[in-house]
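Text of start-v4.pdb, listed as PDB, N, CA and C atoms, pLDDT in the B column:
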ATOM      1  N   MET A   1      37.921 -25.601  39.739  1.00 57.00           N
ATOM      2  CA  MET A   1      36.882 -26.497  40.187  1.00 57.00           C
ATOM      3  C   MET A   1      35.597 -25.687  40.371  1.00 57.00           C
ATOM      4  N   GLY A   2      34.458 -26.245  39.945  1.00 61.00           N
ATOM      5  CA  GLY A   2      33.172 -25.554  40.023  1.00 61.00           C
ATOM      6  C   GLY A   2      32.593 -25.591  41.430  1.00 61.00           C
ATOM      7  N   VAL A   3      31.726 -24.681  41.677  1.00 58.00           N
ATOM      8  CA  VAL A   3      31.043 -24.602  42.963  1.00 58.00           C
ATOM      9  C   VAL A   3      29.775 -25.463  42.884  1.00 58.00           C
ATOM     10  N   VAL A   4      29.592 -26.292  43.879  1.00 55.00           N
ATOM     11  CA  VAL A   4      28.396 -27.122  43.946  1.00 55.00           C
ATOM     12  C   VAL A   4      27.428 -26.470  44.919  1.00 55.00           C
ATOM     13  N   ARG A   5      26.260 -26.127  44.404  1.00 60.00           N
ATOM     14  CA  ARG A   5      25.237 -25.539  45.279  1.00 60.00           C
ATOM     15  C   ARG A   5      24.207 -26.598  45.598  1.00 60.00           C
ATOM     16  N   ARG A   6      23.906 -26.722  46.842  1.00 62.00           N
ATOM     17  CA  ARG A   6      22.908 -27.675  47.287  1.00 62.00           C
ATOM     18  C   ARG A   6      21.544 -27.017  47.253  1.00 62.00           C
ATOM     19  N   ARG A   7      20.598 -27.683  46.657  1.00 67.00           N
ATOM     20  CA  ARG A   7      19.234 -27.148  46.618  1.00 67.00           C
ATOM     21  C   ARG A   7      18.517 -27.621  47.867  1.00 67.00           C
ATOM     22  N   SER A   8      18.364 -26.708  48.793  1.00 85.00           N
ATOM     23  CA  SER A   8      17.621 -27.046  49.998  1.00 85.00           C
ATOM     24  C   SER A   8      16.370 -26.191  50.046  1.00 85.00           C
ATOM     25  N   GLY A   9      15.464 -26.587  50.877  1.00 95.00           N
ATOM     26  CA  GLY A   9      14.210 -25.862  50.949  1.00 95.00           C
ATOM     27  C   GLY A   9      13.216 -26.454  49.977  1.00 95.00           C
ATOM     28  N   GLY A  10      12.176 -25.713  49.736  1.00 97.00           N
ATOM     29  CA  GLY A  10      11.137 -26.219  48.858  1.00 97.00           C
ATOM     30  C   GLY A  10      10.399 -25.085  48.182  1.00 97.00           C
ATOM     31  N   PHE A  11       9.328 -25.445  47.500  1.00 98.00           N
ATOM     32  CA  PHE A  11       8.528 -24.446  46.823  1.00 98.00           C
ATOM     33  C   PHE A  11       7.072 -24.902  46.789  1.00 98.00           C
ATOM     34  N   VAL A  12       6.215 -23.945  46.585  1.00 98.00           N
ATOM     35  CA  VAL A  12       4.795 -24.208  46.325  1.00 98.00           C
ATOM     36  C   VAL A  12       4.378 -23.328  45.157  1.00 98.00           C
ATOM     37  N   LEU A  13       3.428 -23.811  44.410  1.00 98.00           N
ATOM     38  CA  LEU A  13       2.860 -23.031  43.322  1.00 98.00           C
ATOM     39  C   LEU A  13       1.666 -22.282  43.891  1.00 98.00           C
ATOM     40  N   LYS A  14       1.593 -21.001  43.627  1.00 98.00           N
ATOM     41  CA  LYS A  14       0.502 -20.157  44.140  1.00 98.00           C
ATOM     42  C   LYS A  14      -0.282 -19.587  42.969  1.00 98.00           C
ATOM     43  N   VAL A  15      -1.577 -19.423  43.175  1.00 97.00           N
ATOM     44  CA  VAL A  15      -2.435 -18.830  42.155  1.00 97.00           C
ATOM     45  C   VAL A  15      -3.140 -17.610  42.733  1.00 97.00           C
ATOM     46  N   ASN A  16      -3.243 -16.576  41.928  1.00 98.00           N
ATOM     47  CA  ASN A  16      -4.021 -15.400  42.282  1.00 98.00           C
ATOM     48  C   ASN A  16      -5.424 -15.637  41.717  1.00 98.00           C
ATOM     49  N   PRO A  17      -6.400 -15.958  42.579  1.00 96.00           N
ATOM     50  CA  PRO A  17      -7.725 -16.319  42.075  1.00 96.00           C
ATOM     51  C   PRO A  17      -8.455 -15.174  41.378  1.00 96.00           C
ATOM     52  N   ILE A  18      -8.058 -13.961  41.640  1.00 97.00           N
ATOM     53  CA  ILE A  18      -8.693 -12.819  40.983  1.00 97.00           C
ATOM     54  C   ILE A  18      -8.255 -12.741  39.521  1.00 97.00           C
ATOM     55  N   LEU A  19      -7.000 -13.063  39.248  1.00 98.00           N
ATOM     56  CA  LEU A  19      -6.496 -13.006  37.875  1.00 98.00           C
ATOM     57  C   LEU A  19      -6.879 -14.235  37.054  1.00 98.00           C
ATOM     58  N   CYS A  20      -7.049 -15.370  37.711  1.00 97.00           N
ATOM     59  CA  CYS A  20      -7.282 -16.635  37.008  1.00 97.00           C
ATOM     60  C   CYS A  20      -8.642 -16.636  36.311  1.00 97.00           C
ATOM     61  N   ASP A  21      -8.639 -17.059  35.035  1.00 97.00           N
ATOM     62  CA  ASP A  21      -9.871 -17.192  34.272  1.00 97.00           C
ATOM     63  C   ASP A  21     -10.225 -18.649  33.985  1.00 97.00           C
ATOM     64  N   GLY A  22      -9.487 -19.598  34.559  1.00 96.00           N
ATOM     65  CA  GLY A  22      -9.825 -21.010  34.432  1.00 96.00           C
ATOM     66  C   GLY A  22      -9.540 -21.622  33.076  1.00 96.00           C
ATOM     67  N   TYR A  23      -8.479 -21.190  32.417  1.00 95.00           N
ATOM     68  CA  TYR A  23      -8.130 -21.777  31.123  1.00 95.00           C
ATOM     69  C   TYR A  23      -7.654 -23.227  31.261  1.00 95.00           C
ATOM     70  N   GLY A  24      -7.017 -23.565  32.390  1.00 95.00           N
ATOM     71  CA  GLY A  24      -6.554 -24.929  32.621  1.00 95.00           C
ATOM     72  C   GLY A  24      -5.185 -25.257  32.077  1.00 95.00           C
ATOM     73  N   HIS A  25      -4.474 -24.272  31.546  1.00 95.00           N
ATOM     74  CA  HIS A  25      -3.131 -24.530  31.020  1.00 95.00           C
ATOM     75  C   HIS A  25      -2.192 -25.017  32.115  1.00 95.00           C
ATOM     76  N   CYS A  26      -2.380 -24.518  33.331  1.00 97.00           N
ATOM     77  CA  CYS A  26      -1.500 -24.900  34.437  1.00 97.00           C
ATOM     78  C   CYS A  26      -1.590 -26.402  34.702  1.00 97.00           C
ATOM     79  N   HIS A  27      -2.770 -26.966  34.590  1.00 97.00           N
ATOM     80  CA  HIS A  27      -2.933 -28.411  34.784  1.00 97.00           C
ATOM     81  C   HIS A  27      -2.234 -29.187  33.680  1.00 97.00           C
ATOM     82  N   GLU A  28      -2.318 -28.689  32.455  1.00 97.00           N
ATOM     83  CA  GLU A  28      -1.657 -29.350  31.332  1.00 97.00           C
ATOM     84  C   GLU A  28      -0.135 -29.306  31.475  1.00 97.00           C
ATOM     85  N   LEU A  29       0.382 -28.190  32.006  1.00 97.00           N
ATOM     86  CA  LEU A  29       1.831 -28.000  32.094  1.00 97.00           C
ATOM     87  C   LEU A  29       2.439 -28.547  33.383  1.00 97.00           C
ATOM     88  N   ALA A  30       1.648 -28.643  34.440  1.00 98.00           N
ATOM     89  CA  ALA A  30       2.163 -29.140  35.724  1.00 98.00           C
ATOM     90  C   ALA A  30       1.106 -30.026  36.398  1.00 98.00           C
ATOM     91  N   PRO A  31       0.763 -31.153  35.772  1.00 98.00           N
ATOM     92  CA  PRO A  31      -0.309 -31.988  36.320  1.00 98.00           C
ATOM     93  C   PRO A  31       0.016 -32.576  37.688  1.00 98.00           C
ATOM     94  N   GLU A  32       1.302 -32.661  38.031  1.00 98.00           N
ATOM     95  CA  GLU A  32       1.678 -33.186  39.345  1.00 98.00           C
ATOM     96  C   GLU A  32       1.424 -32.177  40.464  1.00 98.00           C
ATOM     97  N   LEU A  33       1.202 -30.918  40.100  1.00 98.00           N
ATOM     98  CA  LEU A  33       0.956 -29.860  41.087  1.00 98.00           C
ATOM     99  C   LEU A  33      -0.461 -29.294  41.033  1.00 98.00           C
ATOM    100  N   VAL A  34      -1.137 -29.462  39.898  1.00 98.00           N
ATOM    101  CA  VAL A  34      -2.415 -28.786  39.697  1.00 98.00           C
ATOM    102  C   VAL A  34      -3.483 -29.766  39.204  1.00 98.00           C
ATOM    103  N   ASN A  35      -4.601 -29.757  39.871  1.00 98.00           N
ATOM    104  CA  ASN A  35      -5.827 -30.383  39.376  1.00 98.00           C
ATOM    105  C   ASN A  35      -6.771 -29.241  39.036  1.00 98.00           C
ATOM    106  N   VAL A  36      -7.810 -29.537  38.291  1.00 96.00           N
ATOM    107  CA  VAL A  36      -8.781 -28.492  37.978  1.00 96.00           C
ATOM    108  C   VAL A  36     -10.167 -28.930  38.436  1.00 96.00           C
ATOM    109  N   ASP A  37     -10.966 -27.930  38.790  1.00 96.00           N
ATOM    110  CA  ASP A  37     -12.340 -28.234  39.186  1.00 96.00           C
ATOM    111  C   ASP A  37     -13.201 -28.352  37.923  1.00 96.00           C
ATOM    112  N   GLU A  38     -14.483 -28.520  38.096  1.00 95.00           N
ATOM    113  CA  GLU A  38     -15.367 -28.750  36.957  1.00 95.00           C
ATOM    114  C   GLU A  38     -15.457 -27.560  36.006  1.00 95.00           C
ATOM    115  N   TRP A  39     -15.048 -26.373  36.433  1.00 94.00           N
ATOM    116  CA  TRP A  39     -15.069 -25.177  35.587  1.00 94.00           C
ATOM    117  C   TRP A  39     -13.689 -24.834  35.023  1.00 94.00           C
ATOM    118  N   GLY A  40     -12.684 -25.651  35.316  1.00 92.00           N
ATOM    119  CA  GLY A  40     -11.345 -25.414  34.799  1.00 92.00           C
ATOM    120  C   GLY A  40     -10.447 -24.605  35.711  1.00 92.00           C
ATOM    121  N   TYR A  41     -10.937 -24.239  36.887  1.00 97.00           N
ATOM    122  CA  TYR A  41     -10.119 -23.459  37.820  1.00 97.00           C
ATOM    123  C   TYR A  41      -9.165 -24.372  38.588  1.00 97.00           C
ATOM    124  N   PRO A  42      -7.957 -23.903  38.855  1.00 97.00           N
ATOM    125  CA  PRO A  42      -6.944 -24.763  39.460  1.00 97.00           C
ATOM    126  C   PRO A  42      -7.190 -25.066  40.935  1.00 97.00           C
ATOM    127  N   ILE A  43      -6.876 -26.293  41.284  1.00 97.00           N
ATOM    128  CA  ILE A  43      -6.789 -26.728  42.675  1.00 97.00           C
ATOM    129  C   ILE A  43      -5.320 -27.098  42.852  1.00 97.00           C
ATOM    130  N   ILE A  44      -4.588 -26.237  43.536  1.00 97.00           N
ATOM    131  CA  ILE A  44      -3.137 -26.362  43.648  1.00 97.00           C
ATOM    132  C   ILE A  44      -2.768 -27.274  44.812  1.00 97.00           C
ATOM    133  N   LYS A  45      -1.800 -28.149  44.584  1.00 97.00           N
ATOM    134  CA  LYS A  45      -1.267 -29.004  45.643  1.00 97.00           C
ATOM    135  C   LYS A  45      -0.663 -28.106  46.728  1.00 97.00           C
ATOM    136  N   THR A  46      -1.039 -28.329  47.972  1.00 95.00           N
ATOM    137  CA  THR A  46      -0.573 -27.451  49.055  1.00 95.00           C
ATOM    138  C   THR A  46       0.701 -27.957  49.726  1.00 95.00           C
ATOM    139  N   ALA A  47       1.051 -29.208  49.515  1.00 97.00           N
ATOM    140  CA  ALA A  47       2.266 -29.748  50.126  1.00 97.00           C
ATOM    141  C   ALA A  47       3.496 -29.084  49.507  1.00 97.00           C
ATOM    142  N   ILE A  48       4.498 -28.891  50.326  1.00 97.00           N
ATOM    143  CA  ILE A  48       5.756 -28.289  49.856  1.00 97.00           C
ATOM    144  C   ILE A  48       6.520 -29.318  49.034  1.00 97.00           C
ATOM    145  N   THR A  49       6.965 -28.905  47.855  1.00 97.00           N
ATOM    146  CA  THR A  49       7.765 -29.754  46.982  1.00 97.00           C
ATOM    147  C   THR A  49       9.228 -29.366  47.168  1.00 97.00           C
ATOM    148  N   PRO A  50      10.121 -30.333  47.381  1.00 97.00           N
ATOM    149  CA  PRO A  50      11.538 -30.001  47.554  1.00 97.00           C
ATOM    150  C   PRO A  50      12.127 -29.383  46.282  1.00 97.00           C
ATOM    151  N   LEU A  51      13.005 -28.407  46.464  1.00 96.00           N
ATOM    152  CA  LEU A  51      13.682 -27.792  45.316  1.00 96.00           C
ATOM    153  C   LEU A  51      14.541 -28.803  44.576  1.00 96.00           C
ATOM    154  N   SER A  52      14.914 -29.874  45.251  1.00 96.00           N
ATOM    155  CA  SER A  52      15.730 -30.908  44.611  1.00 96.00           C
ATOM    156  C   SER A  52      14.925 -31.705  43.581  1.00 96.00           C
ATOM    157  N   ASP A  53      13.606 -31.594  43.586  1.00 97.00           N
ATOM    158  CA  ASP A  53      12.756 -32.242  42.582  1.00 97.00           C
ATOM    159  C   ASP A  53      12.733 -31.346  41.344  1.00 97.00           C
ATOM    160  N   LEU A  54      13.786 -31.446  40.566  1.00 97.00           N
ATOM    161  CA  LEU A  54      13.986 -30.525  39.443  1.00 97.00           C
ATOM    162  C   LEU A  54      12.923 -30.659  38.361  1.00 97.00           C
ATOM    163  N   ALA A  55      12.438 -31.851  38.110  1.00 98.00           N
ATOM    164  CA  ALA A  55      11.425 -32.040  37.072  1.00 98.00           C
ATOM    165  C   ALA A  55      10.128 -31.314  37.443  1.00 98.00           C
ATOM    166  N   THR A  56       9.724 -31.405  38.708  1.00 98.00           N
ATOM    167  CA  THR A  56       8.499 -30.739  39.148  1.00 98.00           C
ATOM    168  C   THR A  56       8.689 -29.228  39.178  1.00 98.00           C
ATOM    169  N   LEU A  57       9.870 -28.785  39.598  1.00 98.00           N
ATOM    170  CA  LEU A  57      10.161 -27.349  39.588  1.00 98.00           C
ATOM    171  C   LEU A  57      10.104 -26.800  38.165  1.00 98.00           C
ATOM    172  N   GLU A  58      10.641 -27.552  37.216  1.00 98.00           N
ATOM    173  CA  GLU A  58      10.594 -27.121  35.818  1.00 98.00           C
ATOM    174  C   GLU A  58       9.146 -27.071  35.315  1.00 98.00           C
ATOM    175  N   SER A  59       8.332 -28.048  35.693  1.00 98.00           N
ATOM    176  CA  SER A  59       6.916 -28.033  35.314  1.00 98.00           C
ATOM    177  C   SER A  59       6.215 -26.809  35.890  1.00 98.00           C
ATOM    178  N   ALA A  60       6.520 -26.498  37.142  1.00 98.00           N
ATOM    179  CA  ALA A  60       5.911 -25.324  37.782  1.00 98.00           C
ATOM    180  C   ALA A  60       6.305 -24.052  37.036  1.00 98.00           C
ATOM    181  N   ARG A  61       7.548 -23.960  36.637  1.00 98.00           N
ATOM    182  CA  ARG A  61       8.001 -22.773  35.893  1.00 98.00           C
ATOM    183  C   ARG A  61       7.322 -22.680  34.533  1.00 98.00           C
ATOM    184  N   TYR A  62       7.141 -23.826  33.861  1.00 98.00           N
ATOM    185  CA  TYR A  62       6.408 -23.832  32.594  1.00 98.00           C
ATOM    186  C   TYR A  62       4.980 -23.345  32.799  1.00 98.00           C
ATOM    187  N   ALA A  63       4.346 -23.804  33.876  1.00 98.00           N
ATOM    188  CA  ALA A  63       2.971 -23.393  34.171  1.00 98.00           C
ATOM    189  C   ALA A  63       2.893 -21.888  34.399  1.00 98.00           C
ATOM    190  N   VAL A  64       3.862 -21.339  35.123  1.00 98.00           N
ATOM    191  CA  VAL A  64       3.883 -19.888  35.372  1.00 98.00           C
ATOM    192  C   VAL A  64       4.018 -19.140  34.055  1.00 98.00           C
ATOM    193  N   ARG A  65       4.946 -19.577  33.223  1.00 98.00           N
ATOM    194  CA  ARG A  65       5.154 -18.898  31.930  1.00 98.00           C
ATOM    195  C   ARG A  65       3.983 -19.110  30.976  1.00 98.00           C
ATOM    196  N   GLY A  66       3.295 -20.252  31.101  1.00 97.00           N
ATOM    197  CA  GLY A  66       2.215 -20.570  30.176  1.00 97.00           C
ATOM    198  C   GLY A  66       0.853 -20.029  30.572  1.00 97.00           C
ATOM    199  N   CYS A  67       0.770 -19.408  31.728  1.00 97.00           N
ATOM    200  CA  CYS A  67      -0.526 -18.883  32.179  1.00 97.00           C
ATOM    201  C   CYS A  67      -0.860 -17.615  31.396  1.00 97.00           C
ATOM    202  N   PRO A  68      -1.950 -17.632  30.630  1.00 97.00           N
ATOM    203  CA  PRO A  68      -2.271 -16.455  29.822  1.00 97.00           C
ATOM    204  C   PRO A  68      -2.668 -15.235  30.647  1.00 97.00           C
ATOM    205  N   ARG A  69      -3.055 -15.427  31.890  1.00 97.00           N
ATOM    206  CA  ARG A  69      -3.465 -14.316  32.749  1.00 97.00           C
ATOM    207  C   ARG A  69      -2.389 -13.947  33.767  1.00 97.00           C
ATOM    208  N   GLN A  70      -1.246 -14.623  33.725  1.00 98.00           N
ATOM    209  CA  GLN A  70      -0.146 -14.384  34.667  1.00 98.00           C
ATOM    210  C   GLN A  70      -0.627 -14.474  36.114  1.00 98.00           C
ATOM    211  N   ALA A  71      -1.426 -15.505  36.385  1.00 98.00           N
ATOM    212  CA  ALA A  71      -2.031 -15.674  37.702  1.00 98.00           C
ATOM    213  C   ALA A  71      -1.233 -16.603  38.605  1.00 98.00           C
ATOM    214  N   LEU A  72      -0.149 -17.172  38.102  1.00 98.00           N
ATOM    215  CA  LEU A  72       0.637 -18.133  38.891  1.00 98.00           C
ATOM    216  C   LEU A  72       2.001 -17.578  39.257  1.00 98.00           C
ATOM    217  N   ARG A  73       2.527 -18.093  40.368  1.00 98.00           N
ATOM    218  CA  ARG A  73       3.912 -17.784  40.754  1.00 98.00           C
ATOM    219  C   ARG A  73       4.449 -18.951  41.562  1.00 98.00           C
ATOM    220  N   VAL A  74       5.752 -19.115  41.511  1.00 98.00           N
ATOM    221  CA  VAL A  74       6.437 -20.111  42.329  1.00 98.00           C
ATOM    222  C   VAL A  74       6.956 -19.398  43.566  1.00 98.00           C
ATOM    223  N   GLU A  75       6.564 -19.880  44.715  1.00 97.00           N
ATOM    224  CA  GLU A  75       7.020 -19.304  45.982  1.00 97.00           C
ATOM    225  C   GLU A  75       8.022 -20.263  46.608  1.00 97.00           C
ATOM    226  N   ARG A  76       9.253 -19.774  46.768  1.00 96.00           N
ATOM    227  CA  ARG A  76      10.294 -20.596  47.381  1.00 96.00           C
ATOM    228  C   ARG A  76      10.223 -20.494  48.894  1.00 96.00           C
ATOM    229  N   LEU A  77      10.454 -21.611  49.542  1.00 95.00           N
ATOM    230  CA  LEU A  77      10.447 -21.683  50.995  1.00 95.00           C
ATOM    231  C   LEU A  77      11.792 -22.204  51.446  1.00 95.00           C
ATOM    232  N   SER A  78      12.385 -21.551  52.395  1.00 87.00           N
ATOM    233  CA  SER A  78      13.722 -21.894  52.863  1.00 87.00           C
ATOM    234  C   SER A  78      13.661 -22.850  54.037  1.00 87.00           C
ATOM    235  N   ASP A  79      14.682 -23.710  54.140  1.00 73.00           N
ATOM    236  CA  ASP A  79      14.847 -24.558  55.322  1.00 73.00           C
ATOM    237  C   ASP A  79      15.303 -23.732  56.507  1.00 73.00           C
ATOM    238  N   ASP A  80      15.978 -22.628  56.203  1.00 64.00           N
ATOM    239  CA  ASP A  80      16.534 -21.770  57.245  1.00 64.00           C
ATOM    240  C   ASP A  80      15.411 -20.997  57.931  1.00 64.00           C
ATOM    241  N   PRO A  81      15.195 -21.203  59.220  1.00 58.00           N
ATOM    242  CA  PRO A  81      14.123 -20.482  59.886  1.00 58.00           C
ATOM    243  C   PRO A  81      14.383 -18.990  60.033  1.00 58.00           C
ATOM    244  N   GLY A  82      15.621 -18.582  59.789  1.00 58.00           N
ATOM    245  CA  GLY A  82      15.964 -17.168  59.898  1.00 58.00           C
ATOM    246  C   GLY A  82      16.141 -16.746  61.332  1.00 58.00           C
ATOM    247  N   PRO A  83      16.377 -15.460  61.551  1.00 60.00           N
ATOM    248  CA  PRO A  83      16.580 -14.986  62.925  1.00 60.00           C
ATOM    249  C   PRO A  83      15.296 -15.077  63.733  1.00 60.00           C
ATOM    250  N   THR A  84      15.447 -15.398  64.977  1.00 56.00           N
ATOM    251  CA  THR A  84      14.282 -15.462  65.845  1.00 56.00           C
ATOM    252  C   THR A  84      14.064 -14.117  66.486  1.00 56.00           C
ATOM    253  N   ARG A  85      12.814 -13.763  66.681  1.00 55.00           N
ATOM    254  CA  ARG A  85      12.478 -12.491  67.314  1.00 55.00           C
ATOM    255  C   ARG A  85      12.137 -12.740  68.761  1.00 55.00           C
ATOM    256  N   ARG A  86      12.480 -11.783  69.570  1.00 54.00           N
ATOM    257  CA  ARG A  86      12.145 -11.881  71.003  1.00 54.00           C
ATOM    258  C   ARG A  86      11.158 -10.835  71.370  1.00 54.00           C
TER
END
Translate this structure into structure tokens?
Amino acid sequence: MGVVRRRSGGFVLKVNPILCDGYGHCHELAPELVNVDEWGYPIIKTAITPLSDLATLESARYAVRGCPRQALRVERLSDDPGPTRR
């Protein structure tokens, strides 16, 4: 019997503004996560997208791979708050 892994947590798409040259490919590949300003630079959705939204996660990955300047990354966020510090 296979192991079922539950996708919990979420992700956000991040852009390194220093590397970005405003080609706009990220908007074409992940329009649900990225809008562009009048010069073609990305305006990234700041809300956390659940990892269970596989179609959006796949779009984000396409955008990362399709960025000619490698200015994008997918940052995963966990539901687990982790250990607390005192």
Between atom CA of A:Asp79 and atom CA of A:Asp53, distance in Å (one decimal):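 For atom CA of A:Asp79 relative to atom CA of A:Asp53, the distance reads 15.0 Å.
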Select from chain A everything DSSP, run on the backbone, classes as alpha helix (DSSP H), then give the selection as a list in words. His25, Cys26, His27, Glu28, Leu29, Leu54, Ala55, Thr56, Leu57, Glu58, Ser59, Ala60, Arg61, Tyr62, Ala63, Val64, Arg65 and Gly66 of chain A
Would you list, as a list in words, the residues of chain A that end up in strand (DSSP E) under DSSP run on this structure's backbone? Gly10, Phe11, Val12, Leu13, Lys14, Val15, Val34, Asn35, Val36, Pro42, Ile43, Ile44, Thr49, Pro50, Leu72, Arg73, Val74, Glu75, Arg76 and Leu77 of chain A
Write the residues of the preceding selection, restricted to N, CA and C atoms, as a CSV table (one decimal), in the frame of the given file.
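Saved the output as out07.csv:
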chain,number,residue,atom,x,y,z
A,10,GLY,N,12.2,-25.7,49.7
A,10,GLY,CA,11.1,-26.2,48.9
A,10,GLY,C,10.4,-25.1,48.2
A,11,PHE,N,9.3,-25.4,47.5
A,11,PHE,CA,8.5,-24.4,46.8
A,11,PHE,C,7.1,-24.9,46.8
A,12,VAL,N,6.2,-23.9,46.6
A,12,VAL,CA,4.8,-24.2,46.3
A,12,VAL,C,4.4,-23.3,45.2
A,13,LEU,N,3.4,-23.8,44.4
A,13,LEU,CA,2.9,-23.0,43.3
A,13,LEU,C,1.7,-22.3,43.9
A,14,LYS,N,1.6,-21.0,43.6
A,14,LYS,CA,0.5,-20.2,44.1
A,14,LYS,C,-0.3,-19.6,43.0
A,15,VAL,N,-1.6,-19.4,43.2
A,15,VAL,CA,-2.4,-18.8,42.2
A,15,VAL,C,-3.1,-17.6,42.7
A,34,VAL,N,-1.1,-29.5,39.9
A,34,VAL,CA,-2.4,-28.8,39.7
A,34,VAL,C,-3.5,-29.8,39.2
A,35,ASN,N,-4.6,-29.8,39.9
A,35,ASN,CA,-5.8,-30.4,39.4
A,35,ASN,C,-6.8,-29.2,39.0
A,36,VAL,N,-7.8,-29.5,38.3
A,36,VAL,CA,-8.8,-28.5,38.0
A,36,VAL,C,-10.2,-28.9,38.4
A,42,PRO,N,-8.0,-23.9,38.9
A,42,PRO,CA,-6.9,-24.8,39.5
A,42,PRO,C,-7.2,-25.1,40.9
A,43,ILE,N,-6.9,-26.3,41.3
A,43,ILE,CA,-6.8,-26.7,42.7
A,43,ILE,C,-5.3,-27.1,42.9
A,44,ILE,N,-4.6,-26.2,43.5
A,44,ILE,CA,-3.1,-26.4,43.6
A,44,ILE,C,-2.8,-27.3,44.8
A,49,THR,N,7.0,-28.9,47.9
A,49,THR,CA,7.8,-29.8,47.0
A,49,THR,C,9.2,-29.4,47.2
A,50,PRO,N,10.1,-30.3,47.4
A,50,PRO,CA,11.5,-30.0,47.6
A,50,PRO,C,12.1,-29.4,46.3
A,72,LEU,N,-0.1,-17.2,38.1
A,72,LEU,CA,0.6,-18.1,38.9
A,72,LEU,C,2.0,-17.6,39.3
A,73,ARG,N,2.5,-18.1,40.4
A,73,ARG,CA,3.9,-17.8,40.8
A,73,ARG,C,4.4,-19.0,41.6
A,74,VAL,N,5.8,-19.1,41.5
A,74,VAL,CA,6.4,-20.1,42.3
A,74,VAL,C,7.0,-19.4,43.6
A,75,GLU,N,6.6,-19.9,44.7
A,75,GLU,CA,7.0,-19.3,46.0
A,75,GLU,C,8.0,-20.3,46.6
A,76,ARG,N,9.3,-19.8,46.8
A,76,ARG,CA,10.3,-20.6,47.4
A,76,ARG,C,10.2,-20.5,48.9
A,77,LEU,N,10.5,-21.6,49.5
A,77,LEU,CA,10.4,-21.7,51.0
A,77,LEU,C,11.8,-22.2,51.4
Hey, what comes out of the PyMOL selection byres (((chain A and resi 50 and name CA) around 9) and name CA) on this file? Could you write it as a PDB file with N, CA and C atoms, in the frame of the given file?
ATOM      1  N   ARG A   7      20.598 -27.683  46.657  1.00 67.00           N
ATOM      2  CA  ARG A   7      19.234 -27.148  46.618  1.00 67.00           C
ATOM      3  C   ARG A   7      18.517 -27.621  47.867  1.00 67.00           C
ATOM      4  N   SER A   8      18.364 -26.708  48.793  1.00 85.00           N
ATOM      5  CA  SER A   8      17.621 -27.046  49.998  1.00 85.00           C
ATOM      6  C   SER A   8      16.370 -26.191  50.046  1.00 85.00           C
ATOM      7  N   GLY A   9      15.464 -26.587  50.877  1.00 95.00           N
ATOM      8  CA  GLY A   9      14.210 -25.862  50.949  1.00 95.00           C
ATOM      9  C   GLY A   9      13.216 -26.454  49.977  1.00 95.00           C
ATOM     10  N   GLY A  10      12.176 -25.713  49.736  1.00 97.00           N
ATOM     11  CA  GLY A  10      11.137 -26.219  48.858  1.00 97.00           C
ATOM     12  C   GLY A  10      10.399 -25.085  48.182  1.00 97.00           C
ATOM     13  N   PHE A  11       9.328 -25.445  47.500  1.00 98.00           N
ATOM     14  CA  PHE A  11       8.528 -24.446  46.823  1.00 98.00           C
ATOM     15  C   PHE A  11       7.072 -24.902  46.789  1.00 98.00           C
ATOM     16  N   VAL A  12       6.215 -23.945  46.585  1.00 98.00           N
ATOM     17  CA  VAL A  12       4.795 -24.208  46.325  1.00 98.00           C
ATOM     18  C   VAL A  12       4.378 -23.328  45.157  1.00 98.00           C
ATOM     19  N   ILE A  48       4.498 -28.891  50.326  1.00 97.00           N
ATOM     20  CA  ILE A  48       5.756 -28.289  49.856  1.00 97.00           C
ATOM     21  C   ILE A  48       6.520 -29.318  49.034  1.00 97.00           C
ATOM     22  N   THR A  49       6.965 -28.905  47.855  1.00 97.00           N
ATOM     23  CA  THR A  49       7.765 -29.754  46.982  1.00 97.00           C
ATOM     24  C   THR A  49       9.228 -29.366  47.168  1.00 97.00           C
ATOM     25  N   LEU A  51      13.005 -28.407  46.464  1.00 96.00           N
ATOM     26  CA  LEU A  51      13.682 -27.792  45.316  1.00 96.00           C
ATOM     27  C   LEU A  51      14.541 -28.803  44.576  1.00 96.00           C
ATOM     28  N   SER A  52      14.914 -29.874  45.251  1.00 96.00           N
ATOM     29  CA  SER A  52      15.730 -30.908  44.611  1.00 96.00           C
ATOM     30  C   SER A  52      14.925 -31.705  43.581  1.00 96.00           C
ATOM     31  N   ASP A  53      13.606 -31.594  43.586  1.00 97.00           N
ATOM     32  CA  ASP A  53      12.756 -32.242  42.582  1.00 97.00           C
ATOM     33  C   ASP A  53      12.733 -31.346  41.344  1.00 97.00           C
ATOM     34  N   LEU A  54      13.786 -31.446  40.566  1.00 97.00           N
ATOM     35  CA  LEU A  54      13.986 -30.525  39.443  1.00 97.00           C
ATOM     36  C   LEU A  54      12.923 -30.659  38.361  1.00 97.00           C
ATOM     37  N   THR A  56       9.724 -31.405  38.708  1.00 98.00           N
ATOM     38  CA  THR A  56       8.499 -30.739  39.148  1.00 98.00           C
ATOM     39  C   THR A  56       8.689 -29.228  39.178  1.00 98.00           C
ATOM     40  N   LEU A  57       9.870 -28.785  39.598  1.00 98.00           N
ATOM     41  CA  LEU A  57      10.161 -27.349  39.588  1.00 98.00           C
ATOM     42  C   LEU A  57      10.104 -26.800  38.165  1.00 98.00           C
TER      43      LEU A  57
END
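When atom C of A:Ile18 is paired with atom C of A:Ser78, their separation reads 28.2 Å.
The gap separating atom CA of A:Trp39 from atom CA of A:Arg61 is 23.2 Å, in Å to one decimal.
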Take every atom of stretch 5-20 of chain A listed in the file, pad by 4 Å on each side, and give me the axis-aligned box centre and edge lengths in Å, one decimal, as lines of an AutoDock Vina configuration file.
center_x = 8.8
center_y = -20.2
center_z = 43.6
size_x = 43.0
size_y = 22.9
size_z = 22.6
Using only C-alpha atoms, the shortest atom-to-atom distance to A:Cys20 among A:Asn35, A:Gln70, A:Thr46, A:Ser59 belongs to A:Gln70
For the provided coordinates, the residues matched by the PyMOL selection byres ((chain A and resi 71-75) around 5) should be stated as a list in words. Phe11, Val12, Leu13, Lys14, Val15, Asn16, Val64, Arg69, Gln70, Arg76 and Leu77 of chain A
For A:Tyr62, which of A:Ala30, A:Gly24, A:Ile44, A:Pro17 is the closest residue, counting all atoms listed in the file?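 Smallest separation from A:Tyr62 among the options: A:Ala30.
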